[in-house]
$ cat model-v3.txt   # compact mmCIF, C-alpha atoms and all ligand atoms
# COMPACT_ATOMS: atom_id res chain seq x y z
CA MET A 1 26.44 -15.49 -14.66
CA PRO A 2 28.28 -17.07 -11.73
CA ASP A 3 27.23 -20.17 -9.89
CA LEU A 4 23.61 -20.73 -10.92
CA ALA A 5 21.55 -23.47 -9.31
CA PRO A 6 20.96 -26.55 -11.48
CA TYR A 7 17.26 -25.66 -11.83
CA ALA A 8 17.95 -22.12 -13.15
CA VAL A 9 17.29 -21.10 -16.76
CA THR A 10 20.58 -20.74 -18.60
CA GLU A 11 21.62 -20.02 -22.18
CA ALA A 12 22.46 -23.72 -22.44
CA ASN A 13 18.97 -24.99 -21.55
CA SER A 14 17.09 -22.06 -23.20
CA ARG A 15 14.76 -22.82 -26.10
CA GLY A 16 16.18 -19.73 -27.79
CA ARG A 17 14.65 -17.15 -30.11
CA LEU A 18 12.03 -17.53 -32.84
CA HIS A 19 14.36 -15.90 -35.39
CA PRO A 20 17.94 -17.14 -34.94
CA GLU A 21 20.47 -14.36 -34.31
CA PRO A 22 24.23 -14.33 -33.79
CA PRO A 23 25.12 -14.52 -30.08
CA PRO A 24 25.64 -11.16 -28.34
CA ALA A 25 29.25 -10.03 -28.07
CA ALA A 26 29.56 -8.74 -24.52
CA ARG A 27 26.40 -9.69 -22.63
CA SER A 28 24.20 -12.70 -22.04
CA GLU A 29 21.14 -13.54 -24.15
CA PHE A 30 18.87 -12.58 -21.25
CA GLN A 31 20.69 -9.28 -20.73
CA ARG A 32 20.02 -8.63 -24.40
CA ASP A 33 16.31 -9.32 -23.82
CA ARG A 34 16.27 -6.91 -20.89
CA ASP A 35 18.03 -4.23 -22.96
CA ARG A 36 15.56 -4.62 -25.84
CA ILE A 37 12.64 -4.18 -23.44
CA VAL A 38 14.13 -1.02 -21.90
CA HIS A 39 14.62 0.47 -25.39
CA SER A 40 11.09 -0.36 -26.57
CA THR A 41 8.39 2.25 -27.16
CA ALA A 42 5.90 0.37 -24.98
CA PHE A 43 8.31 0.59 -22.03
CA ARG A 44 8.52 4.39 -22.26
CA ARG A 45 4.73 4.61 -22.34
CA LEU A 46 4.57 3.00 -18.87
CA GLU A 47 5.60 6.34 -17.38
CA TYR A 48 2.25 7.87 -18.26
CA LYS A 49 -0.02 4.94 -17.53
CA THR A 50 -2.07 4.53 -14.37
CA GLN A 51 -1.26 2.01 -11.69
CA VAL A 52 -4.09 2.99 -9.32
CA PHE A 53 -3.90 6.77 -9.33
CA VAL A 54 -4.15 8.60 -12.64
CA ASN A 55 -0.82 10.14 -13.55
CA HIS A 56 -1.83 13.78 -13.21
CA GLU A 57 -3.38 13.28 -9.73
CA GLY A 58 0.01 13.74 -8.07
CA ASP A 59 3.71 13.52 -8.79
CA LEU A 60 4.56 11.00 -6.09
CA PHE A 61 2.11 8.19 -6.80
CA ARG A 62 3.31 5.05 -8.53
CA THR A 63 2.88 4.86 -12.26
CA ARG A 64 3.15 1.65 -14.29
CA LEU A 65 6.82 2.52 -14.79
CA THR A 66 7.80 2.99 -11.16
CA HIS A 67 5.69 -0.07 -10.25
CA THR A 68 7.59 -2.04 -12.90
CA ILE A 69 10.97 -0.89 -11.55
CA GLU A 70 9.96 -1.92 -8.03
CA VAL A 71 8.86 -5.34 -9.28
CA ALA A 72 12.20 -5.74 -11.09
CA GLN A 73 14.12 -4.82 -7.93
CA ILE A 74 12.23 -7.34 -5.79
CA ALA A 75 12.39 -10.07 -8.44
CA ARG A 76 16.14 -9.62 -8.91
CA SER A 77 16.85 -9.82 -5.17
CA ILE A 78 14.83 -13.00 -4.83
CA ALA A 79 16.29 -14.56 -7.98
CA ARG A 80 19.82 -13.86 -6.79
CA ALA A 81 19.16 -15.29 -3.33
CA LEU A 82 17.80 -18.48 -4.93
CA ARG A 83 20.70 -18.60 -7.43
CA VAL A 84 18.42 -18.56 -10.46
CA ASN A 85 18.80 -16.34 -13.53
CA GLU A 86 18.64 -12.73 -12.32
CA ASP A 87 18.85 -11.29 -15.85
CA LEU A 88 15.86 -13.34 -16.96
CA ALA A 89 13.89 -12.36 -13.85
CA GLU A 90 14.68 -8.71 -14.58
CA ALA A 91 13.64 -9.01 -18.23
CA ILE A 92 10.31 -10.65 -17.30
CA ALA A 93 9.63 -8.07 -14.57
CA LEU A 94 10.38 -5.11 -16.85
CA SER A 95 7.98 -6.40 -19.49
CA HIS A 96 5.22 -7.83 -17.30
CA ASP A 97 2.89 -4.81 -17.60
CA LEU A 98 3.70 -3.58 -21.13
CA GLY A 99 0.23 -4.52 -22.41
CA HIS A 100 -1.73 -2.47 -19.92
CA THR A 101 -4.28 -0.02 -21.31
CA PRO A 102 -4.51 3.56 -20.08
CA PHE A 103 -6.36 3.94 -16.73
CA GLY A 104 -5.31 0.61 -15.23
CA HIS A 105 -7.78 -2.22 -14.75
CA ALA A 106 -10.77 -0.01 -15.53
CA GLY A 107 -9.32 0.58 -18.99
CA GLN A 108 -8.65 -3.10 -19.54
CA ASP A 109 -12.17 -4.10 -18.49
CA ALA A 110 -13.70 -1.49 -20.79
CA LEU A 111 -11.58 -2.54 -23.75
CA ASN A 112 -12.33 -6.20 -23.07
CA ALA A 113 -16.05 -5.39 -23.11
CA CYS A 114 -15.65 -3.53 -26.43
CA MET A 115 -13.80 -6.55 -27.86
CA ARG A 116 -16.30 -9.11 -26.55
CA ASP A 117 -17.39 -10.24 -30.03
CA HIS A 118 -13.91 -9.91 -31.52
CA GLY A 119 -11.75 -12.24 -29.42
CA GLY A 120 -11.60 -10.12 -26.23
CA PHE A 121 -8.78 -8.05 -24.80
CA GLU A 122 -6.45 -9.20 -22.04
CA HIS A 123 -3.50 -7.05 -20.92
CA ASN A 124 -1.28 -10.05 -20.25
CA LEU A 125 -1.79 -11.39 -23.76
CA GLN A 126 -1.28 -7.86 -25.08
CA SER A 127 2.16 -7.69 -23.38
CA LEU A 128 3.09 -10.76 -25.39
CA ARG A 129 1.63 -9.26 -28.57
CA ILE A 130 3.75 -6.14 -28.08
CA VAL A 131 7.04 -8.04 -27.78
CA GLU A 132 6.13 -10.53 -30.53
CA VAL A 133 4.37 -8.37 -33.12
CA LEU A 134 3.76 -4.69 -32.42
CA GLU A 135 7.18 -3.22 -31.62
CA GLU A 136 8.83 -2.02 -34.83
CA ARG A 137 12.54 -1.71 -34.14
CA TYR A 138 14.41 -4.35 -36.11
CA GLY A 139 14.96 -4.85 -39.80
CA ALA A 140 14.80 -8.62 -39.70
CA PHE A 141 11.64 -9.27 -37.67
CA ASP A 142 8.53 -7.82 -36.04
CA GLY A 143 8.59 -7.40 -32.27
CA LEU A 144 11.67 -7.86 -30.10
CA ASN A 145 12.47 -11.53 -30.87
CA LEU A 146 12.90 -12.33 -27.17
CA CYS A 147 14.01 -15.70 -25.83
CA TYR A 148 11.32 -18.32 -25.23
CA GLU A 149 11.76 -18.15 -21.43
CA THR A 150 11.20 -14.38 -21.36
CA ARG A 151 8.00 -14.71 -23.37
CA GLU A 152 6.91 -17.65 -21.21
CA GLY A 153 7.34 -15.45 -18.12
CA ILE A 154 5.34 -12.59 -19.64
CA LEU A 155 2.37 -14.90 -20.22
CA LYS A 156 1.19 -15.31 -16.63
CA HIS A 157 -2.27 -16.60 -17.35
CA CYS A 158 -4.17 -17.64 -20.41
CA SER A 159 -7.56 -19.13 -21.28
CA PRO A 160 -7.53 -22.63 -22.84
CA ARG A 161 -8.97 -21.10 -26.04
CA ASN A 162 -6.07 -18.66 -26.37
CA ALA A 163 -3.56 -21.27 -25.19
CA ARG A 164 -4.47 -23.54 -28.10
CA ARG A 165 -3.55 -20.93 -30.66
CA LEU A 166 -0.27 -19.98 -28.95
CA GLY A 167 1.49 -23.25 -29.78
CA GLU A 168 4.49 -24.16 -27.60
CA LEU A 169 3.98 -21.12 -25.35
CA GLY A 170 0.37 -22.10 -24.59
CA GLU A 171 1.09 -25.75 -23.82
CA ARG A 172 1.53 -25.37 -20.09
CA PHE A 173 -1.98 -23.94 -19.68
CA LEU A 174 -3.34 -27.11 -21.26
CA ASN A 175 -1.09 -29.76 -19.69
CA GLY A 176 -0.78 -28.19 -16.22
CA THR A 177 3.01 -27.74 -16.14
CA GLN A 178 4.72 -24.69 -14.62
CA PRO A 179 6.91 -21.94 -16.03
CA SER A 180 10.50 -21.39 -14.86
CA LEU A 181 11.22 -20.38 -11.27
CA GLU A 182 12.27 -16.98 -12.61
CA ALA A 183 8.74 -16.50 -14.01
CA GLN A 184 7.10 -17.77 -10.82
CA ILE A 185 9.22 -15.34 -8.77
CA CYS A 186 8.23 -12.35 -10.93
CA ASN A 187 4.58 -13.15 -10.48
CA LEU A 188 4.92 -13.01 -6.69
CA ALA A 189 7.29 -10.02 -6.78
CA ASP A 190 4.50 -8.18 -8.61
CA GLU A 191 2.16 -8.95 -5.71
CA ILE A 192 4.70 -7.88 -3.08
CA ALA A 193 5.27 -4.61 -4.93
CA TYR A 194 1.67 -3.56 -5.49
CA ASN A 195 0.31 -4.59 -2.09
CA ASN A 196 2.92 -2.43 -0.41
CA HIS A 197 3.05 0.56 -2.73
CA ASP A 198 -0.73 0.72 -2.87
CA VAL A 199 -0.84 1.01 0.93
CA ASP A 200 1.79 3.72 0.73
CA ASP A 201 0.00 5.59 -2.08
CA GLY A 202 -3.38 5.06 -0.41
CA LEU A 203 -2.13 6.65 2.82
CA ARG A 204 -0.39 9.45 0.92
CA SER A 205 -3.58 10.27 -0.96
CA GLY A 206 -5.63 10.33 2.23
CA LEU A 207 -8.09 7.79 0.78
CA ILE A 208 -7.12 5.37 3.53
CA GLU A 209 -6.23 6.22 7.13
CA LEU A 210 -3.61 4.63 9.35
CA GLU A 211 -6.28 3.58 11.88
CA GLN A 212 -8.16 1.57 9.24
CA LEU A 213 -5.11 -0.65 8.80
CA GLU A 214 -5.13 -1.74 12.46
CA GLY A 215 -7.21 -4.81 11.62
CA VAL A 216 -4.64 -6.04 9.09
CA PRO A 217 -2.20 -8.26 11.05
CA LEU A 218 0.69 -8.01 8.57
CA TRP A 219 0.52 -4.24 8.90
CA SER A 220 -0.20 -3.91 12.63
CA ARG A 221 2.51 -6.40 13.63
CA HIS A 222 5.21 -4.48 11.75
CA LEU A 223 3.85 -1.12 12.85
CA ALA A 224 4.07 -2.23 16.49
CA GLU A 225 7.67 -3.37 15.93
CA VAL A 226 8.58 0.00 14.44
CA ARG A 227 6.97 1.86 17.35
CA ARG A 228 8.84 -0.32 19.83
CA ALA A 229 12.16 0.36 18.10
CA TYR A 230 11.52 4.09 17.56
CA PRO A 231 8.98 5.37 20.17
CA ALA A 232 8.99 8.94 18.79
CA ILE A 233 8.57 8.00 15.12
CA ALA A 234 5.59 9.51 13.26
CA GLY A 235 4.24 10.67 9.91
CA ARG A 236 5.77 9.60 6.61
CA ARG A 237 8.79 8.02 8.29
CA LEU A 238 6.56 5.71 10.34
CA ILE A 239 4.75 4.55 7.19
CA HIS A 240 7.93 4.05 5.16
CA GLU A 241 9.72 2.18 7.95
CA THR A 242 6.69 -0.13 8.28
CA VAL A 243 6.29 -0.67 4.52
CA ARG A 244 9.96 -1.52 4.02
CA ARG A 245 9.80 -4.11 6.83
CA ILE A 246 6.72 -5.71 5.27
CA ILE A 247 8.38 -5.90 1.84
CA ASN A 248 11.44 -7.45 3.43
CA SER A 249 9.45 -9.98 5.46
CA LEU A 250 7.48 -11.06 2.37
CA ALA A 251 10.65 -11.41 0.28
CA VAL A 252 12.51 -13.37 2.97
CA ASP A 253 9.49 -15.64 3.56
CA LEU A 254 9.22 -16.25 -0.19
CA ILE A 255 12.92 -17.10 -0.48
CA GLU A 256 12.87 -19.50 2.49
CA THR A 257 9.62 -21.21 1.53
CA THR A 258 10.70 -21.59 -2.10
CA ARG A 259 14.05 -23.01 -1.04
CA ALA A 260 12.26 -25.57 1.15
CA ASN A 261 9.81 -26.42 -1.67
CA ILE A 262 12.68 -26.98 -4.12
CA ALA A 263 14.37 -29.31 -1.64
CA ALA A 264 11.14 -31.17 -0.83
CA ALA A 265 10.37 -31.69 -4.53
CA GLY A 266 13.95 -32.80 -5.16
CA ALA A 267 14.07 -30.41 -8.12
CA ALA A 268 17.48 -30.73 -9.76
CA SER A 269 16.80 -29.36 -13.24
CA LEU A 270 14.66 -26.89 -15.17
CA ASP A 271 12.50 -29.80 -16.36
CA ASP A 272 11.91 -30.80 -12.73
CA VAL A 273 10.72 -27.24 -12.00
CA ARG A 274 8.30 -27.35 -14.93
CA ARG A 275 6.86 -30.72 -13.89
CA ALA A 276 6.57 -29.96 -10.14
CA PRO A 277 3.67 -28.04 -8.59
CA PRO A 278 4.43 -24.30 -8.29
CA LEU A 279 7.62 -24.09 -6.20
CA ALA A 280 7.83 -20.34 -5.64
CA ALA A 281 5.42 -19.63 -2.82
CA PHE A 282 4.86 -17.90 0.50
CA SER A 283 4.44 -19.93 3.69
CA ALA A 284 0.82 -20.72 4.52
CA GLN A 285 0.75 -18.07 7.25
CA MET A 286 2.32 -15.37 5.08
CA HIS A 287 0.02 -16.26 2.21
CA ALA A 288 -3.01 -15.79 4.48
CA GLU A 289 -1.68 -12.49 5.83
CA ALA A 290 -0.88 -11.13 2.36
CA LYS A 291 -4.40 -12.07 1.30
CA GLN A 292 -5.87 -10.03 4.17
CA LEU A 293 -3.85 -7.00 3.07
CA LYS A 294 -4.99 -7.48 -0.51
CA HIS A 295 -8.61 -7.75 0.66
CA PHE A 296 -8.20 -4.57 2.70
CA LEU A 297 -6.94 -2.69 -0.35
CA HIS A 298 -9.75 -4.03 -2.46
CA VAL A 299 -12.43 -2.83 -0.07
CA HIS A 300 -10.90 0.45 1.11
CA LEU A 301 -8.83 1.70 -1.82
CA TYR A 302 -9.83 0.14 -5.14
CA GLN A 303 -13.53 0.54 -4.29
CA HIS A 304 -13.16 4.02 -2.79
CA TYR A 305 -15.68 6.37 -4.37
CA GLN A 306 -12.97 8.72 -5.58
CA VAL A 307 -11.18 5.86 -7.34
CA LEU A 308 -14.50 4.59 -8.74
CA ARG A 309 -15.25 8.01 -10.21
CA MET A 310 -12.04 7.78 -12.18
CA THR A 311 -12.92 4.20 -13.13
CA SER A 312 -16.23 5.28 -14.56
CA LYS A 313 -14.66 8.15 -16.48
CA ALA A 314 -12.00 5.79 -17.86
CA ARG A 315 -14.64 3.34 -19.01
CA ARG A 316 -16.43 6.08 -20.90
CA ILE A 317 -13.28 7.39 -22.58
CA ILE A 318 -12.13 3.95 -23.73
CA THR A 319 -15.59 2.92 -24.94
CA ASP A 320 -16.17 6.21 -26.80
CA LEU A 321 -12.79 5.98 -28.53
CA PHE A 322 -13.30 2.36 -29.54
CA ASN A 323 -16.80 2.99 -30.92
CA ALA A 324 -15.77 6.12 -32.83
CA PHE A 325 -12.98 4.24 -34.61
CA MET A 326 -15.22 1.23 -35.28
CA ASP A 327 -17.83 3.51 -36.87
CA ASP A 328 -15.24 5.26 -39.02
CA PRO A 329 -11.74 3.74 -39.20
CA ARG A 330 -10.67 6.70 -41.36
CA LEU A 331 -10.32 8.59 -38.05
CA LEU A 332 -7.38 6.33 -37.13
CA PRO A 333 -3.78 7.43 -37.75
CA PRO A 334 -2.57 6.01 -41.13
CA GLN A 335 -0.46 3.21 -39.60
CA TYR A 336 -3.50 1.80 -37.78
CA GLN A 337 -5.76 2.29 -40.80
CA ALA A 338 -3.42 -0.05 -42.65
CA MET A 339 -3.61 -2.59 -39.81
CA ALA A 340 -7.40 -2.17 -39.69
CA ARG A 341 -7.71 -3.46 -43.25
CA ASP A 342 -6.66 -6.91 -41.92
CA ASN A 343 -8.59 -6.86 -38.64
CA LYS A 344 -10.42 -3.68 -37.73
CA PRO A 345 -11.33 -4.37 -34.07
CA ARG A 346 -7.88 -5.74 -33.24
CA ALA A 347 -6.11 -2.76 -34.82
CA ILE A 348 -8.32 -0.39 -32.84
CA ALA A 349 -7.68 -2.33 -29.62
CA ASP A 350 -3.93 -2.13 -30.30
CA TYR A 351 -4.16 1.62 -30.84
CA VAL A 352 -6.33 2.31 -27.79
CA ALA A 353 -4.34 -0.05 -25.52
CA GLY A 354 -1.09 1.64 -26.51
CA MET A 355 -2.32 5.09 -25.44
CA THR A 356 -1.04 6.75 -22.30
CA ASP A 357 -3.67 8.21 -19.93
CA ARG A 358 -3.19 11.76 -21.11
CA TYR A 359 -3.02 10.78 -24.78
CA ALA A 360 -6.36 8.98 -24.42
CA ILE A 361 -7.87 12.03 -22.71
CA ARG A 362 -6.53 14.32 -25.46
CA GLU A 363 -7.68 11.98 -28.24
CA HIS A 364 -11.14 11.85 -26.66
CA ARG A 365 -11.24 15.63 -26.58
CA ARG A 366 -10.08 15.84 -30.20
CA LEU A 367 -12.84 13.47 -31.32
CA PHE A 368 -15.72 14.58 -29.15
CA ALA A 369 -15.27 18.17 -27.94
CA VAL A 370 -16.66 20.70 -30.34
CA GLY A 371 -14.20 23.57 -30.72
CA GLU A 372 -11.14 21.34 -30.04
CA ILE A 373 -8.62 20.48 -32.69
MG MG B 1 2.25 -5.45 -12.30

$ encode --input "model-v3.txt" --output "structure tokens"
Amino acid sequence: MPDLAPYAVTEANSRGRLHPEPPPAARSEFQRDRDRIVHSTAFRRLEYKTQVFVNHEGDLFRTRLTHTIEVAQIARSIARALRVNEDLAEAIALSHDLGHTPFGHAGQDALNACMRDHGGFEHNLQSLRIVEVLEERYGAFDGLNLCYETREGILKHCSPRNARRLGELGERFLNGTQPSLEAQICNLADEIAYNNHDVDDGLRSGLIELEQLEGVPLWSRHLAEVRRAYPAIAGRRLIHETVRRIINSLAVDLIETTRANIAAAGAASLDDVRRAPPLAAFSAQMHAEAKQLKHFLHVHLYQHYQVLRMTSKARRIITDLFNAFMDDPRLLPPQYQAMARDNKPRAIADYVAGMTDRYAIREHRRLFAVGEI
């Protein structure tokens, strides 16, 4: 990779893989990580998992997969502009949501409640579990045997209790150090992506109206600019032209602020990045404006009664499935029955979390609807 900044993650300063492997022949170690993620089963499942709108509600809404691709695009652009490791940023972005349950956050909350007395369920930790344990693709090891820095980036947050059992990977949650800049960038790229595509999807669905967004400065400022530049613009084109300008302004602000933070901290190595306060950040003004947009979405989209109806249905499906398998693990597919002999609740959580929306709906029907097979 050409001309990386001294604080970037490189193969030379990487802590490497858990199971040593010969170096790749024609690509970098972090390209290899990215490729392994793209070829994983969990990655393909993202296509049929909910972001906000359930997959069958419409063909044009974001799914976990298209959300993930948008995060990867934004993260790569920012990583390249800051001359850090674009391949690593891409690998982290492509794997950041692998552990999500069906039905988005409603599914995760329901599964976490089911697992309350069994160590809990957290989608971020589950993403790590997928790449470390659950993927079965290689003869020599479980999981994908990704580089330390990729796994570090996947683990965005972690309770002290979980951090203590994660060894090296959990240390930073106990000693207050930071992950790589590439990981920090992905975290904020995720935010840029969902804030913007949720506005777009919210407007497309009709659950939010253009007029409601007038009180959100980040939106109204860019909308006014678009109308000034194109007085006759309307409809979908008006929304898309506004959304793309907001994404761009957030990304540019993030790049400039992060660059200034790196300079102010005098960060000249990866170790400096880890020891400094978080360096990837929006300016104070942009941070406040992004927060207003997020708050708007929370109130007007995520709490919309039509979304909440789906949330309540999702909770019931996940809870019913979990309880049915807990009562009688013989209902599980053979592979999970074997896993359940070691740890029944965890095996059931793995099975349920891995389901796509429509698989979970079908499985629920198979178990509970009389007359279904
Ligand atoms: Mg995400």

$ atom_distance --input "model-v3.txt" --atom1 "atom CA of Ala349 of chain A" --atom2 "atom CA of Asn112 of chain A"
8.9 Å

$ closest_residue --input "model-v3.txt" --among "A:Cys186, A:Leu169, A:Leu207, A:Val133" --to "Tyr302 of chain A" --atoms "only C-alpha atoms"
A:Leu207

$ atom_distance --input "model-v3.txt" --atom1 "atom CA of Asp201 of chain A" --atom2 "atom CA of His96 of chain A"
21.0 Å

$ residues_near_ligand --input "model-v3.txt" --ligand "ligand MG 1 (chain B)" --cutoff "10 Å" --atoms "all atoms listed in the file" --output "count of residues only"
25

$ residues_around --input "model-v3.txt" --residues "Gln184 of chain A" --least-positions-apart "6" --cutoff "9 Å" --atoms "only C-alpha atoms" --output "tab-separated table (two decimals) with C-alpha atoms, in the coordinates of the input"
chain	number	residue	atom	x	y	z
A	153	GLY	CA	7.34	-15.45	-18.12
A	156	LYS	CA	1.19	-15.31	-16.63
A	178	GLN	CA	4.72	-24.69	-14.62
A	278	PRO	CA	4.43	-24.30	-8.29
A	279	LEU	CA	7.62	-24.09	-6.20
A	280	ALA	CA	7.83	-20.34	-5.64
A	281	ALA	CA	5.42	-19.63	-2.82

$ residues_around --input "model-v3.txt" --residues "His240 of chain A" --least-positions-apart "4" --cutoff "10 Å" --atoms "only C-alpha atoms" --output "ChimeraX atom specification"
/A:196-197,200,235-236,244-246

$ closest_residue --input "model-v3.txt" --among "A:Leu46, A:Met115, A:Ala290, A:Ile361" --to "Asn343 of chain A" --atoms "all atoms listed in the file"
A:Met115

$ residues_near_point --input "model-v3.txt" --point "(-7.1, -1.3, -16.4)" --cutoff "9 Å" --atoms "only C-alpha atoms" --output "ChimeraX atom specification"
/A:50-52,100-111,123,311,314

$ atom_distance --input "model-v3.txt" --atom1 "atom CA of Tyr305 of chain A" --atom2 "atom CA of Glu289 of chain A"
25.6 Å

$ closest_atom_pairs --input "model-v3.txt" --of "segment 199-285 of chain A" --to "segment 13-23 of chain A" --cutoff "10 Å" --atoms "all atoms listed in the file" --output "JSON lines"
{"residue": "A:Ser269", "atom": "CA", "partner": "A:Asn13", "partner_atom": "CA", "distance": 9.6}
{"residue": "A:Leu270", "atom": "CA", "partner": "A:Asn13", "partner_atom": "CA", "distance": 7.9}
{"residue": "A:Asp271", "atom": "CA", "partner": "A:Asn13", "partner_atom": "CA", "distance": 9.6}

$ write_last_selection --input "model-v3.txt" --atoms "C-alpha atoms" --output "JSON list (two decimals), keeping the file's coordinate frame"
[["chain", "number", "residue", "atom", "x", "y", "z"],
["A", 269, "SER", "CA", 16.80, -29.36, -13.24],
["A", 270, "LEU", "CA", 14.66, -26.89, -15.17],
["A", 271, "ASP", "CA", 12.50, -29.80, -16.36]]

$ closest_residue --input "model-v3.txt" --among "A:Met326, A:Ile348, A:Val243, A:Leu213" --to "Gln292 of chain A" --atoms "all atoms listed in the file"
A:Leu213

$ residues_around --input "model-v3.txt" --residues "Met286 of chain A" --least-positions-apart "5" --cutoff "12 Å" --atoms "all atoms listed in the file" --output "PyMOL selection string"
chain A and resi 192+217-219+246-247+249-254+256-257+281+291-293

$ write_last_selection --input "model-v3.txt" --atoms "C-alpha atoms" --output "PDB file, in the frame of the given file"
ATOM      1  CA  ILE A 192       4.700  -7.880  -3.080  1.00  0.00           C
ATOM      2  CA  PRO A 217      -2.200  -8.260  11.050  1.00  0.00           C
ATOM      3  CA  LEU A 218       0.690  -8.010   8.570  1.00  0.00           C
ATOM      4  CA  TRP A 219       0.520  -4.240   8.900  1.00  0.00           C
ATOM      5  CA  ILE A 246       6.720  -5.710   5.270  1.00  0.00           C
ATOM      6  CA  ILE A 247       8.380  -5.900   1.840  1.00  0.00           C
ATOM      7  CA  SER A 249       9.450  -9.980   5.460  1.00  0.00           C
ATOM      8  CA  LEU A 250       7.480 -11.060   2.370  1.00  0.00           C
ATOM      9  CA  ALA A 251      10.650 -11.410   0.280  1.00  0.00           C
ATOM     10  CA  VAL A 252      12.510 -13.370   2.970  1.00  0.00           C
ATOM     11  CA  ASP A 253       9.490 -15.640   3.560  1.00  0.00           C
ATOM     12  CA  LEU A 254       9.220 -16.250  -0.190  1.00  0.00           C
ATOM     13  CA  GLU A 256      12.870 -19.500   2.490  1.00  0.00           C
ATOM     14  CA  THR A 257       9.620 -21.210   1.530  1.00  0.00           C
ATOM     15  CA  ALA A 281       5.420 -19.630  -2.820  1.00  0.00           C
ATOM     16  CA  LYS A 291      -4.400 -12.070   1.300  1.00  0.00           C
ATOM     17  CA  GLN A 292      -5.870 -10.030   4.170  1.00  0.00           C
ATOM     18  CA  LEU A 293      -3.850  -7.000   3.070  1.00  0.00           C
TER      19      LEU A 293
END

$ build_atoms --input "model-v3.txt" --residues "segment 260-272 of chain A" --atoms "N, CA and C atoms" --output "short mmCIF file (atom, residue, chain, number, x, y, z; two decimals), keeping the file's coordinate frame"
data_model
loop_
_atom_site.label_atom_id
_atom_site.label_comp_id
_atom_site.auth_asym_id
_atom_site.auth_seq_id
_atom_site.Cartn_x
_atom_site.Cartn_y
_atom_site.Cartn_z
N ALA A 260 12.75 -24.33 0.54
CA ALA A 260 12.26 -25.57 1.15
C ALA A 260 11.44 -26.39 0.14
N ASN A 261 10.62 -25.71 -0.67
CA ASN A 261 9.81 -26.42 -1.67
C ASN A 261 10.69 -27.10 -2.71
N ILE A 262 11.76 -26.41 -3.12
CA ILE A 262 12.68 -26.98 -4.12
C ILE A 262 13.32 -28.25 -3.55
N ALA A 263 13.73 -28.15 -2.28
CA ALA A 263 14.37 -29.31 -1.64
C ALA A 263 13.36 -30.46 -1.49
N ALA A 264 12.15 -30.13 -1.05
CA ALA A 264 11.14 -31.17 -0.83
C ALA A 264 10.77 -31.87 -2.14
N ALA A 265 10.74 -31.10 -3.23
CA ALA A 265 10.37 -31.69 -4.53
C ALA A 265 11.56 -32.41 -5.16
N GLY A 266 12.74 -32.20 -4.59
CA GLY A 266 13.95 -32.80 -5.16
C GLY A 266 14.25 -32.25 -6.55
N ALA A 267 13.87 -30.99 -6.79
CA ALA A 267 14.07 -30.41 -8.12
C ALA A 267 15.55 -30.19 -8.40
N ALA A 268 16.06 -30.82 -9.45
CA ALA A 268 17.48 -30.73 -9.76
C ALA A 268 17.71 -30.24 -11.19
N SER A 269 16.64 -29.85 -11.88
CA SER A 269 16.80 -29.36 -13.24
C SER A 269 15.62 -28.46 -13.58
N LEU A 270 15.75 -27.74 -14.70
CA LEU A 270 14.66 -26.89 -15.17
C LEU A 270 13.42 -27.73 -15.49
N ASP A 271 13.63 -28.90 -16.06
CA ASP A 271 12.50 -29.80 -16.36
C ASP A 271 11.77 -30.21 -15.09
N ASP A 272 12.54 -30.46 -14.01
CA ASP A 272 11.91 -30.80 -12.73
C ASP A 272 11.01 -29.65 -12.26
#
